[in-house]
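Quick look at my_file35.cif (mmCIF, C-alpha atoms and all ligand atoms):
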```
data_my_file
loop_
_atom_site.label_atom_id
_atom_site.label_comp_id
_atom_site.auth_asym_id
_atom_site.auth_seq_id
_atom_site.Cartn_x
_atom_site.Cartn_y
_atom_site.Cartn_z
CA MET S 1345 -72.79 71.10 -10.71
CA MET S 1346 -71.21 74.29 -9.40
CA LEU S 1347 -72.93 75.55 -6.26
CA GLU S 1348 -73.48 78.98 -7.86
CA THR S 1349 -75.81 77.36 -10.36
CA ALA S 1350 -78.24 76.63 -7.54
CA PHE S 1351 -78.73 80.35 -7.10
CA ASP S 1352 -79.34 80.95 -10.78
CA SER S 1353 -82.58 82.91 -11.06
CA GLY S 1354 -83.80 80.68 -13.90
CA LEU S 1355 -83.59 77.63 -11.67
CA ILE S 1356 -85.34 79.43 -8.84
CA LYS S 1357 -88.15 80.49 -11.20
CA ALA S 1358 -88.42 76.94 -12.54
CA TYR S 1359 -88.65 75.52 -9.01
CA ARG S 1360 -91.38 77.99 -8.04
CA ARG S 1361 -93.33 77.35 -11.27
CA ASP S 1362 -92.98 73.55 -11.41
CA GLY S 1363 -92.64 72.65 -7.74
CA VAL S 1364 -89.84 70.26 -8.68
CA ILE S 1365 -86.33 70.69 -10.06
CA LEU S 1366 -83.37 68.46 -10.87
CA LEU S 1367 -79.85 69.54 -9.89
CA ARG S 1368 -77.12 67.31 -11.30
CA GLY S 1369 -74.05 66.31 -9.30
CA LEU S 1370 -74.76 68.44 -6.22
CA VAL S 1371 -73.28 65.92 -3.78
CA PRO S 1372 -69.70 64.66 -4.22
CA ALA S 1373 -68.82 60.98 -4.52
CA GLU S 1374 -67.28 60.61 -1.01
CA ALA S 1375 -70.46 61.87 0.66
CA VAL S 1376 -72.57 59.60 -1.55
CA GLU S 1377 -70.39 56.65 -0.56
CA MET S 1378 -70.75 57.44 3.17
CA LEU S 1379 -74.55 57.81 2.85
CA ARG S 1380 -74.76 54.49 0.98
CA ARG S 1381 -73.01 52.81 3.90
CA MET S 1382 -75.46 54.37 6.34
CA ALA S 1383 -78.46 53.44 4.17
CA ASP S 1384 -77.26 49.82 4.10
CA LEU S 1385 -76.56 49.83 7.82
CA VAL S 1386 -80.08 50.92 8.78
CA GLN S 1387 -81.51 48.10 6.64
CA GLU S 1388 -79.52 45.61 8.72
CA VAL S 1389 -79.89 47.34 12.08
CA PRO S 1390 -82.79 49.83 12.02
CA LEU S 1391 -82.30 53.00 14.05
CA PRO S 1392 -83.25 52.59 17.71
CA LEU S 1393 -85.24 55.84 17.74
CA ARG S 1394 -88.87 55.94 18.87
CA ALA S 1395 -91.38 58.75 18.60
CA THR S 1396 -92.90 60.06 21.82
CA ASN S 1397 -96.08 58.10 20.95
CA GLY S 1398 -94.03 54.89 20.84
CA GLU S 1399 -93.96 54.64 17.04
CA ALA S 1400 -90.63 53.27 15.72
CA LEU S 1401 -88.54 55.64 13.61
CA PRO S 1402 -86.31 53.06 11.89
CA ASP S 1403 -85.11 55.22 9.00
CA SER S 1404 -85.53 58.89 10.01
CA TYR S 1405 -83.43 61.39 12.01
CA LEU S 1406 -80.22 59.64 10.98
CA TRP S 1407 -78.27 62.82 11.74
CA LEU S 1408 -79.10 62.39 15.44
CA VAL S 1409 -77.44 58.99 15.49
CA PHE S 1410 -74.54 59.21 13.00
CA SER S 1411 -71.97 61.98 13.50
CA GLU S 1412 -70.73 61.45 9.90
CA ILE S 1413 -74.15 62.52 8.66
CA GLU S 1414 -74.35 65.48 11.03
CA GLU S 1415 -70.94 66.64 9.75
CA ALA S 1416 -71.94 66.12 6.13
CA LEU S 1417 -75.05 68.26 6.63
CA LEU S 1418 -72.82 71.06 7.89
CA SER S 1419 -70.51 70.93 4.88
CA LEU S 1420 -72.75 69.93 1.96
CA PRO S 1421 -74.60 72.74 0.12
CA LEU S 1422 -78.06 71.27 0.83
CA ALA S 1423 -79.22 73.94 3.32
CA ARG S 1424 -78.03 76.78 1.05
CA VAL S 1425 -79.73 75.32 -1.97
CA ALA S 1426 -82.96 74.79 -0.03
CA ALA S 1427 -82.95 78.40 1.24
CA ALA S 1428 -82.26 79.82 -2.22
CA LEU S 1429 -84.99 77.81 -3.93
CA MET S 1430 -87.55 78.46 -1.18
CA GLY S 1431 -86.74 82.19 -1.20
CA SER S 1432 -86.00 82.09 2.51
CA ARG S 1433 -83.26 83.80 4.52
CA SER S 1434 -82.73 80.63 6.51
CA ALA S 1435 -83.08 76.88 6.10
CA ARG S 1436 -83.94 74.72 9.07
CA LEU S 1437 -83.52 70.93 8.91
CA PHE S 1438 -86.88 69.32 9.71
CA TYR S 1439 -85.57 65.75 9.52
CA ASP S 1440 -83.63 63.40 7.29
CA GLN S 1441 -84.58 59.94 6.05
CA VAL S 1442 -83.40 57.06 3.90
CA PHE S 1443 -85.61 55.29 1.38
CA VAL S 1444 -84.39 51.91 0.16
CA LYS S 1445 -86.30 49.83 -2.37
CA PRO S 1446 -84.64 46.41 -2.47
CA SER S 1447 -83.77 44.91 -5.83
CA GLY S 1448 -86.66 43.38 -7.71
CA HIS S 1449 -89.43 43.06 -5.22
CA SER S 1450 -90.53 46.40 -3.85
CA MET S 1451 -93.92 48.07 -4.17
CA PRO S 1452 -94.64 51.35 -5.92
CA THR S 1453 -95.14 54.30 -3.54
CA PRO S 1454 -98.61 55.80 -3.97
CA TRP S 1455 -99.26 59.40 -5.04
CA HIS S 1456 -99.10 61.79 -2.11
CA GLN S 1457 -98.03 65.21 -0.90
CA ASP S 1458 -95.54 65.53 1.93
CA ALA S 1459 -97.50 68.51 3.29
CA SER S 1460 -100.46 66.31 4.15
CA HIS S 1461 -98.27 64.21 6.47
CA TRP S 1462 -96.75 67.11 8.36
CA CYS S 1463 -98.16 69.39 11.07
CA LEU S 1464 -96.80 72.50 9.38
CA LYS S 1465 -98.07 75.65 7.71
CA GLY S 1466 -96.02 77.71 5.25
CA GLU S 1467 -94.93 78.00 1.64
CA GLN S 1468 -91.22 77.54 2.28
CA ILE S 1469 -91.06 73.78 2.78
CA CYS S 1470 -89.10 71.49 0.49
CA SER S 1471 -87.44 68.11 0.31
CA ILE S 1472 -84.10 67.36 -1.30
CA TRP S 1473 -84.12 63.77 -2.60
CA LEU S 1474 -80.56 62.60 -3.20
CA ALA S 1475 -79.94 59.60 -5.47
CA LEU S 1476 -77.34 57.20 -4.05
CA ASP S 1477 -77.60 54.85 -7.05
CA GLU S 1478 -78.40 55.06 -10.75
CA ILE S 1479 -82.17 55.50 -10.59
CA GLY S 1480 -84.72 55.62 -13.41
CA PRO S 1481 -88.33 54.58 -13.97
CA MET S 1482 -87.42 50.87 -14.02
CA ASP S 1483 -85.55 50.97 -10.74
CA GLY S 1484 -87.78 52.88 -8.36
CA GLY S 1485 -87.52 56.42 -9.77
CA LEU S 1486 -89.79 59.16 -8.49
CA ARG S 1487 -92.76 60.53 -10.43
CA TYR S 1488 -93.87 64.14 -9.97
CA LEU S 1489 -96.93 66.09 -11.13
CA VAL S 1490 -95.45 69.36 -12.37
CA GLY S 1491 -97.15 72.47 -10.98
CA SER S 1492 -99.37 70.46 -8.61
CA HIS S 1493 -98.20 72.57 -5.64
CA LEU S 1494 -99.78 75.70 -7.14
CA SER S 1495 -103.43 74.81 -6.40
CA GLY S 1496 -102.75 75.32 -2.69
CA ILE S 1497 -104.87 72.25 -1.92
CA ILE S 1498 -103.68 69.77 0.69
CA PHE S 1499 -105.14 66.32 0.07
CA ARG S 1500 -105.72 63.85 2.86
CA PRO S 1501 -102.99 61.19 3.08
CA GLN S 1502 -104.14 57.79 1.88
CA SER S 1503 -103.12 54.24 2.60
CA ARG S 1504 -102.17 51.88 -0.25
CA ASP S 1505 -105.80 50.77 -0.63
CA GLY S 1506 -106.79 54.37 -1.42
CA LEU S 1507 -108.61 55.03 1.89
CA PRO S 1508 -107.84 58.34 3.64
CA TRP S 1509 -106.01 58.10 6.95
CA PRO S 1510 -108.40 58.39 9.89
CA GLU S 1511 -108.56 61.75 11.70
CA THR S 1512 -106.72 63.60 8.95
CA GLU S 1513 -107.84 66.88 7.41
CA GLY S 1514 -107.94 68.09 3.81
CA GLU S 1515 -109.66 67.19 0.54
CA THR S 1516 -110.03 63.61 -0.59
CA ALA S 1517 -107.36 62.97 -3.21
CA PRO S 1518 -108.52 62.50 -6.83
CA ASP S 1519 -107.28 59.65 -9.05
CA PHE S 1520 -103.80 60.92 -9.89
CA GLU S 1521 -103.35 57.99 -12.32
CA SER S 1522 -106.04 59.45 -14.59
CA PRO S 1523 -104.88 60.96 -17.93
CA GLU S 1524 -105.82 64.46 -16.73
CA PHE S 1525 -103.11 64.30 -14.07
CA ARG S 1526 -100.64 62.02 -15.90
CA ALA S 1527 -100.35 64.69 -18.63
CA SER S 1528 -98.20 66.73 -16.23
CA GLU S 1529 -96.07 63.82 -14.98
CA VAL S 1530 -92.27 63.95 -15.09
CA SER S 1531 -89.63 61.54 -13.89
CA PHE S 1532 -85.87 61.69 -14.17
CA ILE S 1533 -82.95 59.40 -14.82
CA LEU S 1534 -80.61 60.11 -11.93
CA ARG S 1535 -76.97 59.38 -11.29
CA PRO S 1536 -75.47 59.11 -7.80
CA GLY S 1537 -75.03 62.63 -6.42
CA ASP S 1538 -77.95 64.14 -8.39
CA VAL S 1539 -80.77 65.65 -6.35
CA VAL S 1540 -84.40 66.44 -7.03
CA VAL S 1541 -85.89 69.24 -4.94
CA HIS S 1542 -89.66 69.25 -4.52
CA HIS S 1543 -92.14 71.54 -2.80
CA ALA S 1544 -94.12 70.04 0.10
CA ARG S 1545 -97.40 70.27 -1.87
CA THR S 1546 -96.00 68.72 -5.06
CA VAL S 1547 -97.86 65.48 -5.69
CA HIS S 1548 -95.40 62.62 -6.18
CA ALA S 1549 -95.11 58.83 -6.17
CA SER S 1550 -92.43 56.32 -7.03
CA PHE S 1551 -92.14 53.26 -9.25
CA SER S 1552 -91.34 49.82 -7.94
CA ASN S 1553 -87.76 48.66 -8.31
CA SER S 1554 -88.66 46.06 -10.92
CA MET S 1555 -85.29 45.93 -12.67
CA GLY S 1556 -83.84 43.44 -10.22
CA THR S 1557 -80.26 44.60 -10.68
CA HIS S 1558 -79.61 46.69 -7.57
CA ALA S 1559 -81.22 48.21 -4.50
CA ARG S 1560 -82.55 51.74 -5.00
CA ARG S 1561 -81.18 53.94 -2.23
CA ALA S 1562 -81.99 57.58 -1.57
CA TYR S 1563 -81.19 60.01 1.24
CA VAL S 1564 -83.75 62.75 1.75
CA THR S 1565 -83.56 65.94 3.78
CA ARG S 1566 -86.63 68.05 4.62
CA TRP S 1567 -86.16 71.82 4.90
CA LEU S 1568 -88.17 74.63 6.46
CA GLY S 1569 -87.90 78.32 5.61
CA ASP S 1570 -88.69 81.47 7.56
CA ASP S 1571 -92.46 81.39 7.06
CA VAL S 1572 -93.06 77.91 8.50
CA VAL S 1573 -95.01 77.41 11.73
CA TYR S 1574 -96.42 74.45 13.61
CA GLN S 1575 -99.99 73.65 12.58
CA PRO S 1576 -101.65 70.49 13.95
CA ARG S 1577 -103.62 68.58 11.34
CA GLY S 1578 -105.74 66.18 13.38
CA PHE S 1579 -102.95 63.70 14.04
CA THR S 1580 -99.67 63.71 15.91
CA MET S 1581 -96.51 63.96 13.88
CA PRO S 1582 -94.02 61.29 15.06
CA MET S 1583 -90.93 62.94 16.57
CA PRO S 1584 -88.20 61.41 18.72
CA LEU S 1585 -88.34 64.19 21.36
CA ASP S 1586 -91.21 65.93 23.08
CA VAL S 1587 -90.65 69.42 21.69
CA LYS S 1588 -93.94 70.87 23.00
CA LEU S 1589 -94.75 72.94 19.95
CA THR S 1590 -97.68 75.33 20.16
CA THR S 1591 -99.90 76.14 17.20
CA GLY S 1592 -98.49 79.02 15.16
CA SER S 1593 -95.02 78.85 16.72
CA SER S 1594 -91.82 78.55 14.71
CA LEU S 1595 -89.95 75.27 15.09
CA GLU S 1596 -87.22 76.78 17.25
CA HIS S 1597 -85.66 73.70 18.84
CA THR S 1598 -82.39 71.78 18.69
CA LEU S 1599 -84.27 68.95 16.94
CA PHE S 1600 -84.72 71.33 13.98
CA PRO S 1601 -81.36 73.11 13.58
CA LYS S 1602 -81.01 76.12 11.32
CA LEU S 1603 -78.17 75.05 9.03
CA HIS S 1604 -78.11 78.13 6.85
CA VAL S 1605 -78.77 81.82 7.55
CA ASP S 1606 -78.28 84.77 5.22
CA VAL S 1607 -76.64 87.38 7.38
CA GLY S 1608 -76.82 90.49 5.23
CA SER S 1609 -78.24 92.20 2.18
CA ASP S 1610 -74.76 92.16 0.59
CA GLY S 1611 -75.21 88.49 -0.24
CA CYS S 1612 -73.10 87.26 2.69
CA SER S 1613 -74.38 84.10 4.21
CA SER S 1614 -73.35 81.59 6.81
CA SER S 1615 -73.87 77.90 6.79
CA HIS S 1616 -72.96 76.09 9.98
O1 LIG S 1701 -88.33 57.35 -2.18
C1 LIG S 1701 -89.52 57.10 -2.36
O2 LIG S 1701 -89.91 56.15 -2.98
C2 LIG S 1701 -90.56 58.06 -1.83
C3 LIG S 1701 -89.96 59.32 -1.34
C4 LIG S 1701 -90.94 60.37 -0.98
O3 LIG S 1701 -92.12 60.24 -1.11
C5 LIG S 1701 -90.40 61.61 -0.44
O4 LIG S 1701 -89.18 61.74 -0.30
O5 LIG S 1701 -91.20 62.51 -0.12
#
```
So that I can check it, write out the structure of this file as structure tokens.
Ligand SMILES: O=C(O)CCC(=O)C(=O)O
Amino acid sequence: MMLETAFDSGLIKAYRRDGVILLRGLVPAEAVEMLRRMADLVQEVPLPLRATNGEALPDSYLWLVFSEIEEALLSLPLARVAAALMGSRSARLFYDQVFVKPSGHSMPTPWHQDASHWCLKGEQICSIWLALDEIGPMDGGLRYLVGSHLSGIIFRPQSRDGLPWPETEGETAPDFESPEFRASEVSFILRPGDVVVHHARTVHASFSNSMGTHARRAYVTRWLGDDVVYQPRGFTMPMPLDVKLTTGSSLEHTLFPKLHVDVGSDGCSSSH
């Protein structure tokens, strides 16, 4: 895909309406290859990072550890695409993460919203989920409920047994497997380099990797726009540094670098 396409107003409208959009071939093969190596590496030797509460962060904040990934984030169009779709002047990296479902034996990921796991408030929050393998419904593909971000509701995160996490806020999630919700379900057949961008309130899940032919690897970046502030939600968000955020403050900190800023009304922009 040409980068310009990401700024196409039809795509932006579709993202805002549906809360999820597929962009084919956004990431070139060399970057996909490098990210595959990193995804494999962290399966063998999980990242040494720990959150300030002691929780292990085995597969998040890769960019802090691997300079190849930090460099790729500076050159790939991810931040620009995120800013354009969110309608934000800037795009700040919240964190990055790999998701690997090994061949044949992994569990489905339950329905959830990212927003319910994050201590954030704002409309301009999205994830860019990059396929590192051929991925479809039989090999761990994602499932999205189109338009589910529009209700504005944040549902409490749930564990696999359906019970809400203790001390979390929000409405109890309904049965997203019921026909009422499944009617709006979409999933995609992805090739390496394709990305799916979803809004933080878009309800999503993923299939198990039942095919048994290959591991399902994905590299995900989380992006924050201008309107996002820190908003505690009854639990502490695991972060590798004590960034001392106060309620209502922007996430101005080196842990959350701004990787794209529009510098003028003439369409000039800088990504760094
Ligand atoms: O990759 C998966 O299976 C789940 C990913 C997910 O929930 C996310 O990126 O928000």
Given only C-alpha atoms as the counted atoms, nearest of S:His1597, S:Arg1433, S:Arg1381, S:His1542 to Ser1492 in chain S:
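Nearest to Ser1492 in chain S: S:His1542.
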Please find the residues contacting ligand LIG 1701 (chain S) at a distance of at most 9 Å between atoms, with all atoms listed in the file counted, and report them as a ChimeraX atom specification.
/S:1441-1445,1452-1458,1471-1473,1484-1486,1542,1544,1548-1552,1560-1566
Selection from above, C-alpha atoms, as a compact mmCIF listing (two decimals), in the coordinates of the input, can you write it?
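result30.txt, freshly written:
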```txt
# COMPACT_ATOMS: atom_id res chain seq x y z
CA GLN S 1441 -84.58 59.94 6.05
CA VAL S 1442 -83.40 57.06 3.90
CA PHE S 1443 -85.61 55.29 1.38
CA VAL S 1444 -84.39 51.91 0.16
CA LYS S 1445 -86.30 49.83 -2.37
CA PRO S 1452 -94.64 51.35 -5.92
CA THR S 1453 -95.14 54.30 -3.54
CA PRO S 1454 -98.61 55.80 -3.97
CA TRP S 1455 -99.26 59.40 -5.04
CA HIS S 1456 -99.10 61.79 -2.11
CA GLN S 1457 -98.03 65.21 -0.90
CA ASP S 1458 -95.54 65.53 1.93
CA SER S 1471 -87.44 68.11 0.31
CA ILE S 1472 -84.10 67.36 -1.30
CA TRP S 1473 -84.12 63.77 -2.60
CA GLY S 1484 -87.78 52.88 -8.36
CA GLY S 1485 -87.52 56.42 -9.77
CA LEU S 1486 -89.79 59.16 -8.49
CA HIS S 1542 -89.66 69.25 -4.52
CA ALA S 1544 -94.12 70.04 0.10
CA HIS S 1548 -95.40 62.62 -6.18
CA ALA S 1549 -95.11 58.83 -6.17
CA SER S 1550 -92.43 56.32 -7.03
CA PHE S 1551 -92.14 53.26 -9.25
CA SER S 1552 -91.34 49.82 -7.94
CA ARG S 1560 -82.55 51.74 -5.00
CA ARG S 1561 -81.18 53.94 -2.23
CA ALA S 1562 -81.99 57.58 -1.57
CA TYR S 1563 -81.19 60.01 1.24
CA VAL S 1564 -83.75 62.75 1.75
CA THR S 1565 -83.56 65.94 3.78
CA ARG S 1566 -86.63 68.05 4.62
```
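With only C-alpha atoms as the atoms that count, the residue of S:Ala1459, S:Ile1479, S:Ala1373, S:Ala1517 with the shortest distance to Leu1568 in chain S is S:Ala1459.
If you look at CA of Asp1538 in chain S and CA of Asp1606 in chain S, they are 24.7 Å away from each other.
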Would you list the contacts of Phe1579 in chain S as a PyMOL selection string, taking every protein, DNA or RNA residue within 12 Å and counting all atoms listed in the file, but skipping same-chain residues closer than 4 positions in sequence?
chain S and resi 1397+1460-1464+1500-1501+1509-1513+1575
